[in-house]
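Engineer: Take a look at run_9.pdb, PDB, C-alpha atoms and all ligand atoms:
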ATOM      1  CA  MET C  11     150.424 386.807 190.447
ATOM      2  CA  PRO C  12     152.621 389.868 189.941
ATOM      3  CA  GLY C  13     152.250 392.248 187.025
ATOM      4  CA  ARG C  14     149.505 394.080 185.268
ATOM      5  CA  PRO C  15     146.061 392.834 186.248
ATOM      6  CA  LEU C  16     144.189 391.460 183.307
ATOM      7  CA  ASP C  17     140.968 393.232 182.457
ATOM      8  CA  ARG C  18     138.793 390.171 181.981
ATOM      9  CA  ARG C  19     136.212 391.784 179.749
ATOM     10  CA  ARG C  20     138.835 393.425 177.539
ATOM     11  CA  PHE C  21     140.724 390.151 177.332
ATOM     12  CA  LEU C  22     137.636 388.184 176.366
ATOM     13  CA  THR C  23     136.840 390.728 173.685
ATOM     14  CA  SER C  24     140.310 390.441 172.196
ATOM     15  CA  ALA C  25     140.222 386.648 172.518
ATOM     16  CA  ALA C  26     136.985 386.604 170.570
ATOM     17  CA  VAL C  27     138.556 388.763 167.877
ATOM     18  CA  LEU C  28     141.252 386.135 167.476
ATOM     19  CA  CYS C  29     138.713 383.506 166.423
ATOM     20  CA  ALA C  30     137.979 382.681 162.825
ATOM     21  CA  PRO C  31     135.020 384.403 161.214
ATOM     22  CA  GLY C  32     132.060 382.071 161.522
ATOM     23  CA  VAL C  33     133.427 380.545 164.690
ATOM     24  CA  LEU C  34     132.143 383.298 166.920
ATOM     25  CA  ALA C  35     128.498 382.332 166.594
ATOM     26  CA  ARG C  36     129.272 378.821 167.762
ATOM     27  CA  THR C  37     131.510 379.816 170.667
ATOM     28  CA  PRO C  38     129.821 378.445 173.796
ATOM     29  CA  PRO C  39     129.588 380.462 177.015
ATOM     30  CA  LEU C  40     132.614 380.260 179.296
ATOM     31  CA  PRO C  41     132.671 377.081 181.387
ATOM     32  CA  GLU C  42     132.177 377.607 185.088
ATOM     33  CA  GLN C  43     135.175 377.646 187.422
ATOM     34  CA  GLY C  44     136.030 374.212 188.723
ATOM     35  CA  LYS C  45     135.173 372.465 185.494
ATOM     36  CA  ALA C  46     138.072 370.664 183.864
ATOM     37  CA  LEU C  47     139.054 372.288 180.562
ATOM     38  CA  ILE C  48     140.476 369.742 178.139
ATOM     39  CA  THR C  49     142.040 370.733 174.822
ATOM     40  CA  ILE C  50     143.218 368.558 171.966
ATOM     41  CA  SER C  51     145.881 370.603 170.198
ATOM     42  CA  LEU C  52     147.597 369.428 167.039
ATOM     43  CA  ASP C  53     150.624 371.101 165.469
ATOM     44  CA  LEU C  54     150.516 370.891 161.686
ATOM     45  CA  GLU C  55     154.106 370.254 160.647
ATOM     46  CA  MET C  56     156.340 367.519 159.350
ATOM     47  CA  SER C  57     158.251 365.763 162.144
ATOM     48  CA  ARG C  58     161.840 364.583 162.092
ATOM     49  CA  GLN C  59     162.103 360.756 161.886
ATOM     50  CA  TYR C  60     158.571 360.390 160.501
ATOM     51  CA  PRO C  61     157.118 358.607 158.678
ATOM     52  CA  THR C  62     160.419 356.672 158.746
ATOM     53  CA  ARG C  63     163.267 356.873 161.256
ATOM     54  CA  ASP C  64     165.834 357.872 158.616
ATOM     55  CA  GLN C  65     163.899 361.045 157.757
ATOM     56  CA  PHE C  66     165.680 364.301 158.649
ATOM     57  CA  HIS C  67     164.799 366.362 155.602
ATOM     58  CA  TRP C  68     161.748 367.901 157.262
ATOM     59  CA  ASP C  69     163.938 369.960 159.573
ATOM     60  CA  TYR C  70     164.437 372.246 156.549
ATOM     61  CA  GLU C  71     160.872 372.121 155.310
ATOM     62  CA  LYS C  72     158.626 371.779 158.348
ATOM     63  CA  GLY C  73     155.613 373.317 156.648
ATOM     64  CA  ASN C  74     155.635 371.229 153.486
ATOM     65  CA  LEU C  75     152.944 368.825 154.719
ATOM     66  CA  ASP C  76     152.516 365.501 152.938
ATOM     67  CA  ALA C  77     149.133 364.080 151.939
ATOM     68  CA  ASP C  78     148.968 361.581 154.823
ATOM     69  CA  THR C  79     149.505 364.311 157.414
ATOM     70  CA  LYS C  80     146.729 366.437 155.932
ATOM     71  CA  ARG C  81     144.372 363.446 155.798
ATOM     72  CA  TYR C  82     145.071 362.563 159.457
ATOM     73  CA  ALA C  83     144.450 366.160 160.561
ATOM     74  CA  ALA C  84     141.177 366.370 158.631
ATOM     75  CA  GLU C  85     139.941 363.035 159.991
ATOM     76  CA  ALA C  86     140.908 363.998 163.560
ATOM     77  CA  ALA C  87     138.908 367.218 163.177
ATOM     78  CA  ARG C  88     135.924 365.284 161.816
ATOM     79  CA  ARG C  89     136.021 362.812 164.726
ATOM     80  CA  VAL C  90     136.246 365.481 167.419
ATOM     81  CA  SER C  91     133.476 367.516 165.741
ATOM     82  CA  SER C  92     131.252 364.436 165.832
ATOM     83  CA  ARG C  93     131.867 364.257 169.598
ATOM     84  CA  GLY C  94     130.781 367.874 170.010
ATOM     85  CA  GLY C  95     134.280 369.327 170.449
ATOM     86  CA  ARG C  96     136.883 371.257 168.515
ATOM     87  CA  ILE C  97     140.587 370.737 167.948
ATOM     88  CA  HIS C  98     142.954 373.666 168.362
ATOM     89  CA  PHE C  99     145.374 373.508 165.434
ATOM     90  CA  PHE C 100     148.605 375.417 164.924
ATOM     91  CA  ALA C 101     149.876 375.975 161.401
ATOM     92  CA  LEU C 102     153.118 377.140 159.833
ATOM     93  CA  GLY C 103     153.085 380.009 157.373
ATOM     94  CA  ARG C 104     155.034 378.012 154.848
ATOM     95  CA  THR C 105     152.149 375.536 154.560
ATOM     96  CA  MET C 106     150.161 378.404 153.025
ATOM     97  CA  GLU C 107     152.530 378.244 150.019
ATOM     98  CA  GLN C 108     151.223 374.777 149.102
ATOM     99  CA  GLU C 109     149.075 374.393 146.011
ATOM    100  CA  ASP C 110     145.996 373.234 147.905
ATOM    101  CA  VAL C 111     144.957 374.547 151.319
ATOM    102  CA  GLY C 112     141.287 373.664 150.840
ATOM    103  CA  TRP C 113     141.549 370.869 153.435
ATOM    104  CA  LEU C 114     142.625 373.446 156.052
ATOM    105  CA  ALA C 115     139.995 375.957 154.988
ATOM    106  CA  GLU C 116     137.386 373.224 155.534
ATOM    107  CA  ILE C 117     138.763 372.571 159.019
ATOM    108  CA  ALA C 118     138.493 376.294 159.825
ATOM    109  CA  GLU C 119     134.981 376.471 158.401
ATOM    110  CA  ALA C 120     133.961 373.554 160.647
ATOM    111  CA  GLY C 121     134.840 375.772 163.623
ATOM    112  CA  HIS C 122     138.269 374.487 164.639
ATOM    113  CA  PRO C 123     140.553 377.386 165.620
ATOM    114  CA  ILE C 124     143.926 377.624 163.874
ATOM    115  CA  GLY C 125     146.798 379.424 165.576
ATOM    116  CA  ASN C 126     150.172 380.716 164.426
ATOM    117  CA  HIS C 127     153.198 378.405 164.766
ATOM    118  CA  SER C 128     155.576 380.828 162.937
ATOM    119  CA  TYR C 129     156.475 380.668 159.263
ATOM    120  CA  ASP C 130     159.461 378.294 159.342
ATOM    121  CA  HIS C 131     159.234 376.737 162.823
ATOM    122  CA  VAL C 132     161.742 379.149 164.350
ATOM    123  CA  ASN C 133     163.197 378.977 167.834
ATOM    124  CA  VAL C 134     161.850 382.194 169.373
ATOM    125  CA  LEU C 135     164.507 382.093 172.112
ATOM    126  CA  ALA C 136     167.426 382.050 169.623
ATOM    127  CA  THR C 137     169.980 384.794 170.136
ATOM    128  CA  ASP C 138     172.400 383.842 167.351
ATOM    129  CA  PRO C 139     171.601 383.391 163.653
ATOM    130  CA  GLY C 140     172.791 379.767 163.589
ATOM    131  CA  SER C 141     170.201 378.534 166.059
ATOM    132  CA  ILE C 142     167.049 380.143 164.632
ATOM    133  CA  GLN C 143     166.117 377.316 162.250
ATOM    134  CA  PHE C 144     167.836 374.676 160.104
ATOM    135  CA  ARG C 145     166.636 376.367 156.911
ATOM    136  CA  PHE C 146     168.622 379.508 157.754
ATOM    137  CA  GLU C 147     171.664 377.492 158.757
ATOM    138  CA  ARG C 148     171.764 376.041 155.250
ATOM    139  CA  ALA C 149     170.681 379.265 153.540
ATOM    140  CA  PRO C 150     172.040 382.088 155.726
ATOM    141  CA  TRP C 151     171.595 384.668 152.931
ATOM    142  CA  LEU C 152     167.854 384.587 153.640
ATOM    143  CA  ILE C 153     168.410 386.398 156.923
ATOM    144  CA  GLU C 154     171.617 388.342 156.248
ATOM    145  CA  GLY C 155     171.763 391.823 157.722
ATOM    146  CA  LYS C 156     169.012 391.168 160.274
ATOM    147  CA  SER C 157     169.331 390.530 163.997
ATOM    148  CA  PRO C 158     167.918 387.241 165.364
ATOM    149  CA  SER C 159     165.106 389.123 167.089
ATOM    150  CA  GLU C 160     164.194 390.850 163.799
ATOM    151  CA  VAL C 161     164.203 387.527 161.946
ATOM    152  CA  ILE C 162     161.993 385.900 164.591
ATOM    153  CA  ALA C 163     159.486 388.767 164.754
ATOM    154  CA  GLU C 164     159.295 388.815 160.948
ATOM    155  CA  ASN C 165     158.771 385.030 160.879
ATOM    156  CA  VAL C 166     155.853 385.288 163.297
ATOM    157  CA  ARG C 167     154.371 388.269 161.432
ATOM    158  CA  LEU C 168     154.649 386.563 158.035
ATOM    159  CA  ALA C 169     152.828 383.472 159.310
ATOM    160  CA  ASP C 170     150.102 385.739 160.659
ATOM    161  CA  ARG C 171     149.789 387.376 157.224
ATOM    162  CA  ALA C 172     149.828 384.009 155.433
ATOM    163  CA  LEU C 173     146.952 382.650 157.534
ATOM    164  CA  ARG C 174     144.923 385.809 157.015
ATOM    165  CA  VAL C 175     145.555 386.101 153.277
ATOM    166  CA  ARG C 176     145.359 382.445 152.202
ATOM    167  CA  LEU C 177     142.693 381.181 154.644
ATOM    168  CA  GLY C 178     140.925 384.420 155.486
ATOM    169  CA  ILE C 179     141.101 383.730 159.221
ATOM    170  CA  GLU C 180     142.344 385.500 162.314
ATOM    171  CA  PRO C 181     145.095 383.351 163.863
ATOM    172  CA  ALA C 182     143.935 381.856 167.168
ATOM    173  CA  GLY C 183     146.922 382.424 169.430
ATOM    174  CA  PHE C 184     150.602 381.600 169.053
ATOM    175  CA  ARG C 185     152.393 378.381 169.912
ATOM    176  CA  THR C 186     156.152 378.441 170.033
ATOM    177  CA  PRO C 187     157.936 375.832 167.970
ATOM    178  CA  GLY C 188     159.452 373.615 170.666
ATOM    179  CA  GLY C 189     158.346 373.860 174.268
ATOM    180  CA  PHE C 190     160.376 375.464 177.050
ATOM    181  CA  HIS C 191     160.457 374.309 180.670
ATOM    182  CA  SER C 192     160.144 377.922 181.896
ATOM    183  CA  GLY C 193     157.995 379.125 179.028
ATOM    184  CA  LEU C 194     158.919 382.721 178.148
ATOM    185  CA  ALA C 195     159.581 383.705 181.776
ATOM    186  CA  ASP C 196     163.158 384.815 181.052
ATOM    187  CA  ARG C 197     162.316 386.615 177.810
ATOM    188  CA  PRO C 198     160.042 389.612 178.371
ATOM    189  CA  ASP C 199     161.286 390.915 175.002
ATOM    190  CA  VAL C 200     159.696 387.912 173.244
ATOM    191  CA  GLN C 201     156.518 388.365 175.303
ATOM    192  CA  ARG C 202     156.357 392.013 174.180
ATOM    193  CA  MET C 203     157.011 391.054 170.566
ATOM    194  CA  LEU C 204     153.943 388.787 170.641
ATOM    195  CA  LEU C 205     151.815 391.411 172.406
ATOM    196  CA  ASP C 206     152.903 394.000 169.813
ATOM    197  CA  LEU C 207     151.784 391.630 167.046
ATOM    198  CA  GLY C 208     148.343 391.429 168.680
ATOM    199  CA  TYR C 209     148.609 388.116 170.541
ATOM    200  CA  ARG C 210     147.097 388.001 174.017
ATOM    201  CA  TRP C 211     148.226 384.455 174.852
ATOM    202  CA  VAL C 212     151.032 382.080 173.997
ATOM    203  CA  SER C 213     151.497 378.344 174.393
ATOM    204  CA  SER C 214     155.223 377.983 175.040
ATOM    205  CA  LYS C 215     155.696 376.130 178.306
ATOM    206  CA  TYR C 216     156.255 372.396 178.360
ATOM    207  CA  PRO C 217     156.885 371.371 181.991
ATOM    208  CA  ARG C 218     159.889 369.281 182.890
ATOM    209  CA  HIS C 219     159.139 365.627 183.632
ATOM    210  CA  PRO C 220     161.047 362.358 183.754
ATOM    211  CA  SER C 221     160.768 359.691 181.080
ATOM    212  CA  THR C 222     162.360 356.323 180.377
ATOM    213  CA  GLU C 223     165.368 355.059 178.481
ATOM    214  CA  PRO C 224     164.369 354.752 174.801
ATOM    215  CA  GLY C 225     162.467 351.516 174.208
ATOM    216  CA  THR C 226     161.545 350.990 177.855
ATOM    217  CA  PRO C 227     157.832 351.305 178.681
ATOM    218  CA  PRO C 228     157.119 353.532 181.693
ATOM    219  CA  GLY C 229     156.309 352.123 185.115
ATOM    220  CA  ASP C 230     154.063 353.687 187.729
ATOM    221  CA  ASP C 231     156.902 355.916 188.934
ATOM    222  CA  VAL C 232     157.300 357.689 185.588
ATOM    223  CA  LEU C 233     153.561 357.778 184.867
ATOM    224  CA  ASP C 234     152.875 359.256 188.312
ATOM    225  CA  ALA C 235     155.625 361.856 187.869
ATOM    226  CA  ILE C 236     154.032 362.947 184.594
ATOM    227  CA  VAL C 237     150.702 363.316 186.396
ATOM    228  CA  THR C 238     152.464 365.440 189.028
ATOM    229  CA  ALA C 239     153.834 367.683 186.251
ATOM    230  CA  GLN C 240     150.255 368.596 185.263
ATOM    231  CA  ALA C 241     150.191 371.112 188.106
ATOM    232  CA  GLU C 242     152.938 372.988 186.210
ATOM    233  CA  ALA C 243     150.847 372.977 183.030
ATOM    234  CA  GLN C 244     148.128 375.364 184.236
ATOM    235  CA  PRO C 245     147.497 378.794 182.664
ATOM    236  CA  TYR C 246     149.032 381.937 184.179
ATOM    237  CA  VAL C 247     149.836 385.546 183.310
ATOM    238  CA  TYR C 248     153.352 386.932 182.760
ATOM    239  CA  PRO C 249     154.193 390.337 184.263
ATOM    240  CA  THR C 250     153.878 391.857 180.762
ATOM    241  CA  GLY C 251     150.206 390.779 180.671
ATOM    242  CA  LEU C 252     150.747 388.012 178.133
ATOM    243  CA  VAL C 253     148.903 384.825 179.142
ATOM    244  CA  GLU C 254     150.681 381.468 179.086
ATOM    245  CA  VAL C 255     148.708 378.327 178.215
ATOM    246  CA  PRO C 256     151.171 375.460 178.711
ATOM    247  CA  MET C 257     151.309 372.183 176.819
ATOM    248  CA  SER C 258     150.602 369.134 178.989
ATOM    249  CA  PRO C 259     153.095 366.310 179.042
ATOM    250  CA  ILE C 260     153.751 363.872 177.633
ATOM    251  CA  SER C 261     153.647 364.881 173.970
ATOM    252  CA  ASP C 262     153.412 362.325 171.200
ATOM    253  CA  VAL C 263     156.941 363.011 169.982
ATOM    254  CA  GLY C 264     158.222 362.783 173.573
ATOM    255  CA  ALA C 265     156.581 359.401 174.074
ATOM    256  CA  PHE C 266     157.179 357.892 170.639
ATOM    257  CA  ARG C 267     160.206 359.542 169.019
ATOM    258  CA  THR C 268     162.302 360.208 172.111
ATOM    259  CA  SER C 269     161.253 357.418 174.484
ATOM    260  CA  ARG C 270     159.915 354.907 171.939
ATOM    261  CA  TRP C 271     156.960 353.904 174.077
ATOM    262  CA  PRO C 272     154.337 351.489 172.845
ATOM    263  CA  LEU C 273     150.951 353.095 172.099
ATOM    264  CA  ASP C 274     149.339 351.502 175.166
ATOM    265  CA  ALA C 275     151.800 353.294 177.466
ATOM    266  CA  PHE C 276     151.015 356.646 175.814
ATOM    267  CA  LEU C 277     147.283 355.982 176.218
ATOM    268  CA  GLU C 278     147.732 355.063 179.876
ATOM    269  CA  SER C 279     149.626 358.314 180.491
ATOM    270  CA  ILE C 280     146.836 360.291 178.814
ATOM    271  CA  ARG C 281     144.192 358.427 180.831
ATOM    272  CA  ARG C 282     145.910 359.236 184.130
ATOM    273  CA  CYS C 283     146.643 362.874 183.280
ATOM    274  CA  VAL C 284     143.173 363.704 181.945
ATOM    275  CA  SER C 285     141.649 361.956 184.986
ATOM    276  CA  TRP C 286     143.819 364.146 187.233
ATOM    277  CA  ALA C 287     142.621 367.270 185.417
ATOM    278  CA  ILE C 288     138.991 366.164 185.797
ATOM    279  CA  ASP C 289     139.427 365.367 189.495
ATOM    280  CA  HIS C 290     141.060 368.760 190.113
ATOM    281  CA  GLY C 291     138.894 370.925 187.818
ATOM    282  CA  ALA C 292     142.125 371.796 186.016
ATOM    283  CA  ALA C 293     143.320 372.270 182.439
ATOM    284  CA  PHE C 294     144.892 369.662 180.181
ATOM    285  CA  ASP C 295     146.331 370.543 176.786
ATOM    286  CA  PHE C 296     147.095 367.448 174.737
ATOM    287  CA  LEU C 297     149.997 368.104 172.353
ATOM    288  CA  GLY C 298     150.076 365.981 169.221
ATOM    289  CA  HIS C 299     151.402 366.078 165.684
ATOM    290  CA  PRO C 300     149.442 364.376 162.894
ATOM    291  CA  SER C 301     152.750 363.561 161.103
ATOM    292  CA  CYS C 302     153.786 361.458 164.134
ATOM    293  CA  LEU C 303     150.375 360.117 165.169
ATOM    294  CA  LEU C 304     149.557 358.764 161.710
ATOM    295  CA  VAL C 305     152.425 356.292 162.190
ATOM    296  CA  GLU C 306     152.128 355.627 165.923
ATOM    297  CA  ASP C 307     148.363 355.858 166.394
ATOM    298  CA  PRO C 308     146.732 355.282 162.999
ATOM    299  CA  GLU C 309     143.351 354.484 164.561
ATOM    300  CA  PHE C 310     143.088 357.808 166.440
ATOM    301  CA  ARG C 311     142.933 356.032 169.790
ATOM    302  CA  ALA C 312     144.532 358.905 171.749
ATOM    303  CA  ILE C 313     142.023 361.436 170.457
ATOM    304  CA  GLU C 314     139.077 359.059 170.945
ATOM    305  CA  LEU C 315     140.272 358.284 174.490
ATOM    306  CA  ILE C 316     140.326 361.970 175.404
ATOM    307  CA  CYS C 317     136.810 362.413 173.976
ATOM    308  CA  ASP C 318     135.638 359.333 175.935
ATOM    309  CA  LEU C 319     137.114 360.592 179.221
ATOM    310  CA  VAL C 320     135.523 364.021 178.800
ATOM    311  CA  SER C 321     132.124 362.651 177.877
ATOM    312  CA  ARG C 322     132.196 360.167 180.762
ATOM    313  CA  ALA C 323     132.947 363.038 183.168
ATOM    314  CA  MET C 324     129.614 364.638 182.131
ATOM    315  CA  ASP C 325     129.382 368.186 183.485
ATOM    316  CA  ARG C 326     132.757 367.993 185.262
ATOM    317  CA  ALA C 327     134.766 368.457 182.067
ATOM    318  CA  GLU C 328     134.518 370.126 178.690
ATOM    319  CA  LEU C 329     136.449 369.977 175.431
ATOM    320  CA  VAL C 330     137.533 373.561 174.755
ATOM    321  CA  ASP C 331     140.025 375.551 172.697
ATOM    322  CA  LEU C 332     143.122 377.139 174.195
ATOM    323  CA  GLY C 333     141.564 380.615 174.174
ATOM    324  CA  THR C 334     139.037 379.311 176.711
ATOM    325  CA  ILE C 335     141.850 378.033 178.943
ATOM    326  CA  ALA C 336     143.664 381.381 178.549
ATOM    327  CA  ALA C 337     140.558 383.187 179.781
ATOM    328  CA  ARG C 338     140.798 381.214 183.034
ATOM    329  CA  ALA C 339     144.374 382.320 183.835
ATOM    330  CA  PRO C 340     144.399 383.906 187.291
ATOM    331  CA  GLY C 341     145.055 387.592 186.662
TER     332      GLY C 341
HETATM  333 ZN    ZN C 401     156.140 372.502 166.120
END
As structure tokens, how would this structure be written, given the file I've shared?

Structural biologist:
Amino acid sequence: MPGRPLDRRRFLTSAAVLCAPGVLARTPPLPEQGKALITISLDLEMSRQYPTRDQFHWDYEKGNLDADTKRYAAEAARRVSSRGGRIHFFALGRTMEQEDVGWLAEIAEAGHPIGNHSYDHVNVLATDPGSIQFRFERAPWLIEGKSPSEVIAENVRLADRALRVRLGIEPAGFRTPGGFHSGLADRPDVQRMLLDLGYRWVSSKYPRHPSTEPGTPPGDDVLDAIVTAQAEAQPYVYPTGLVEVPMSPISDVGAFRTSRWPLDAFLESIRRCVSWAIDHGAAFDFLGHPSCLLVEDPEFRAIELICDLVSRAMDRAELVDLGTIAARAPG
């Protein structure tokens, strides 16, 4: 891997600093090499076309979570805790403006890390004001006089402040709104912006993979191709020193909103991909959104399946947070 070698001890120290107070004492020792590292990550935001297909309003108000979304997130956290694991959540700064954030404070207190997902769900690769976020398209005066890169850096910084001030936690990493097939490879300026804000790792890459025509369940060809894409979803270090922890396909919105798969097809894809990760001692980072899953998977079958697969693998796999996967990036 080209670029600055990562000082493992220094990195681990800074990764630990990024955990919520109270979480540190419960952080287990690093899993041994060769053990599959499985993460359940949930992005806390409202999703376009959920809970009903005609819903587009959330594009302007991604962080204004409804009660059902909060309930699903809290119950998911409770279930994974009861299986001995933790969920890695990502939150939007704007959610911290809501009247009640006690449900999220409880999640943090239970030991689930919460990372930064920006304030308004901004596109960190945007280079013109019109493509930063729908909110600013409708209300351009909010960002007048600033360059896109200034708006984006400020949006990430404000979310960081919101999580610290309202929840009293240190944000656990940064996940870009939207995933990018090449991650941040072409944008060292964005990598440096995150490093300057104190982030040692980012979750921005979502590997390319085939899917089906909407409404068509996947066959073995598509499911196998998604398994093959897992090799592209392993952690690595950018030349700037920032660590990438990719999202593992297929996401819930990819399967349900875009491809309109039945739940059983999504579960089968998860089963094959997690099994691949276990067989190869690799990482798997499940990407879900409570606002989508509460409609498509109301009985938490995806999350329970992942817990089942990890527990059945015994000492060959472990449920971990994304900071643990980041620490395994080859430096
Ligand atoms: Zn998002």

Engineer: Applying 6 Å and all atoms listed in the file, which residues near segment 42-56 of chain C remain after dropping the ones on its own chain fewer than 5 positions away? List them as a list of chain:residue names.

Structural biologist: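 Surrounding residues, per the criterion: C:Trp68, C:Lys72, C:Gly73, C:Leu75, C:Ile97, C:His98, C:Phe99, C:Phe100, C:Ala101, C:Ala287, C:Ile288, C:Gly291, C:Ala292, C:Ala293, C:Phe294, C:Asp295, C:Phe296, C:Leu297, C:Gly298, C:His299, C:Ser301, C:Arg326, C:Ala327, C:Glu328, C:Leu329, C:Val330, C:Asp331.
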
Engineer: Give me the result of the PyMOL selection byres (((chain C and resi 336) around 7) and not hetatm) on this file, residue by residue, as a ChimeraX atom specification.

Structural biologist: /C:211,245,253,255,332-335,337-339

Engineer: Quick one: apply the PyMOL selection byres (((chain C and resi 104) around 12) and not hetatm) to the file and drop the selected residues here as an NGL selection string.

Structural biologist: :C and (54-56 or 70-75 or 101-103 or 105-109 or 111 or 126-132 or 145 or 165-166 or 168-173 or 176)

Engineer: Between C:Pro220, C:Pro158, C:Gly94, C:Pro300, which is the closest to ligand ZN 401 (chain C) once you count only C-alpha atoms and all ligand atoms?

Structural biologist: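 The shortest atom-to-atom distance to ligand ZN 401 (chain C) comes from C:Pro300.
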
Engineer: Could you check the closest approach to ligand ZN 401 (chain C) for each of C:Pro150, C:Gly125, C:Pro224, C:Gly229 and tell me which residue wins, using all atoms listed in the file?

Structural biologist: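 Residue with the minimum atom-to-atom distance to ligand ZN 401 (chain C): C:Gly125.
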
Engineer: To one decimal place in Å, what is the distance between atom CA of Leu204 of chain C and atom CA of Gly188 of chain C?

Structural biologist: 16.1 Å

Engineer: Choose the residue, out of C:Ser159, C:Ser261, C:Thr250, C:Thr222, that has the smallest atom-to-atom separation from ligand ZN 401 (chain C); count all atoms listed in the file.

Structural biologist: C:Ser261

Engineer: When distances are computed from all atoms listed in the file, which of C:Val305, C:Ile316, C:Ser285, C:Asp196 shows the smallest separation from Asp78 of chain C?

Structural biologist: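 Residue with the minimum atom-to-atom distance to Asp78 of chain C: C:Val305.
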
Engineer: Segment 136-139 of chain C: which residues within 8 Å, counting all atoms listed in the file, same-chain residues fewer than 3 positions away excluded, as a list in words?

Structural biologist: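 Here the qualifying residues turn out to be Asn133, Ile142, Phe146, Glu147, Ser157, Pro158 and Ser159 of chain C.
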
Engineer: One decimal, Å: what's the distance from atom CA of Lys215 of chain C over to atom CA of Phe190 of chain C, could you say?

Structural biologist: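 Answer for the atom CA of Lys215 of chain C to atom CA of Phe190 of chain C separation: 4.9 Å.
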
Engineer: Nearest to ligand ZN 401 (chain C) among C:Arg210, C:His219, C:Arg185, C:Arg81, with distances taken over only C-alpha atoms and all ligand atoms: which residue is it?

Structural biologist: C:Arg185

Engineer: Which distance in Å separates atom CA of Ile260 of chain C and atom CA of Ser279 of chain C, to one decimal?

Structural biologist: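 One can read the atom CA of Ile260 of chain C to atom CA of Ser279 of chain C distance as 7.5 Å.
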
Engineer: Go through C:Trp151, C:Phe310, C:Phe184, C:Trp286 and flag the residue nearest ligand ZN 401 (chain C), using only C-alpha atoms and all ligand atoms for the distances.

Structural biologist: C:Phe184

Engineer: At most 10 Å from (159.8, 354.2, 175.2), file frame, all atoms listed in the file: which residues, as a list of chain:residue names?

Structural biologist: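 Collected hits near the coordinates: C:Ser221, C:Thr222, C:Glu223, C:Pro224, C:Gly225, C:Thr226, C:Pro227, C:Pro228, C:Gly264, C:Ala265, C:Phe266, C:Arg267, C:Thr268, C:Ser269, C:Arg270, C:Trp271, C:Pro272, C:Leu273, C:Ala275, C:Phe276.
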
Engineer: Give me the box for segment 328-340 of chain C as lines of an AutoDock Vina configuration file, namely the centre and edge lengths in Å to one decimal of a box along x, y and z that holds every listed atom plus 8 Å on each side.

Structural biologist:
center_x = 139.5
center_y = 376.9
center_z = 180.0
size_x = 25.9
size_y = 29.9
size_z = 30.6

Engineer: Using the chain letters and numbering of this document, enumerate as a list in words the residues selected by the PyMOL selection byres (((chain C and resi 88) around 12) and not hetatm).

Structural biologist: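 On this input, the PyMOL selection byres (((chain C and resi 88) around 12) and not hetatm) captures Arg81, Tyr82, Ala83, Ala84, Glu85, Ala86, Ala87, Arg89, Val90, Ser91, Ser92, Arg93, Gly94, Gly95, Arg96, Ile97, Trp113, Glu116, Ile117, Ala118, Glu119, Ala120, Gly121, His122, Phe310, Ile313 and Glu314 of chain C.
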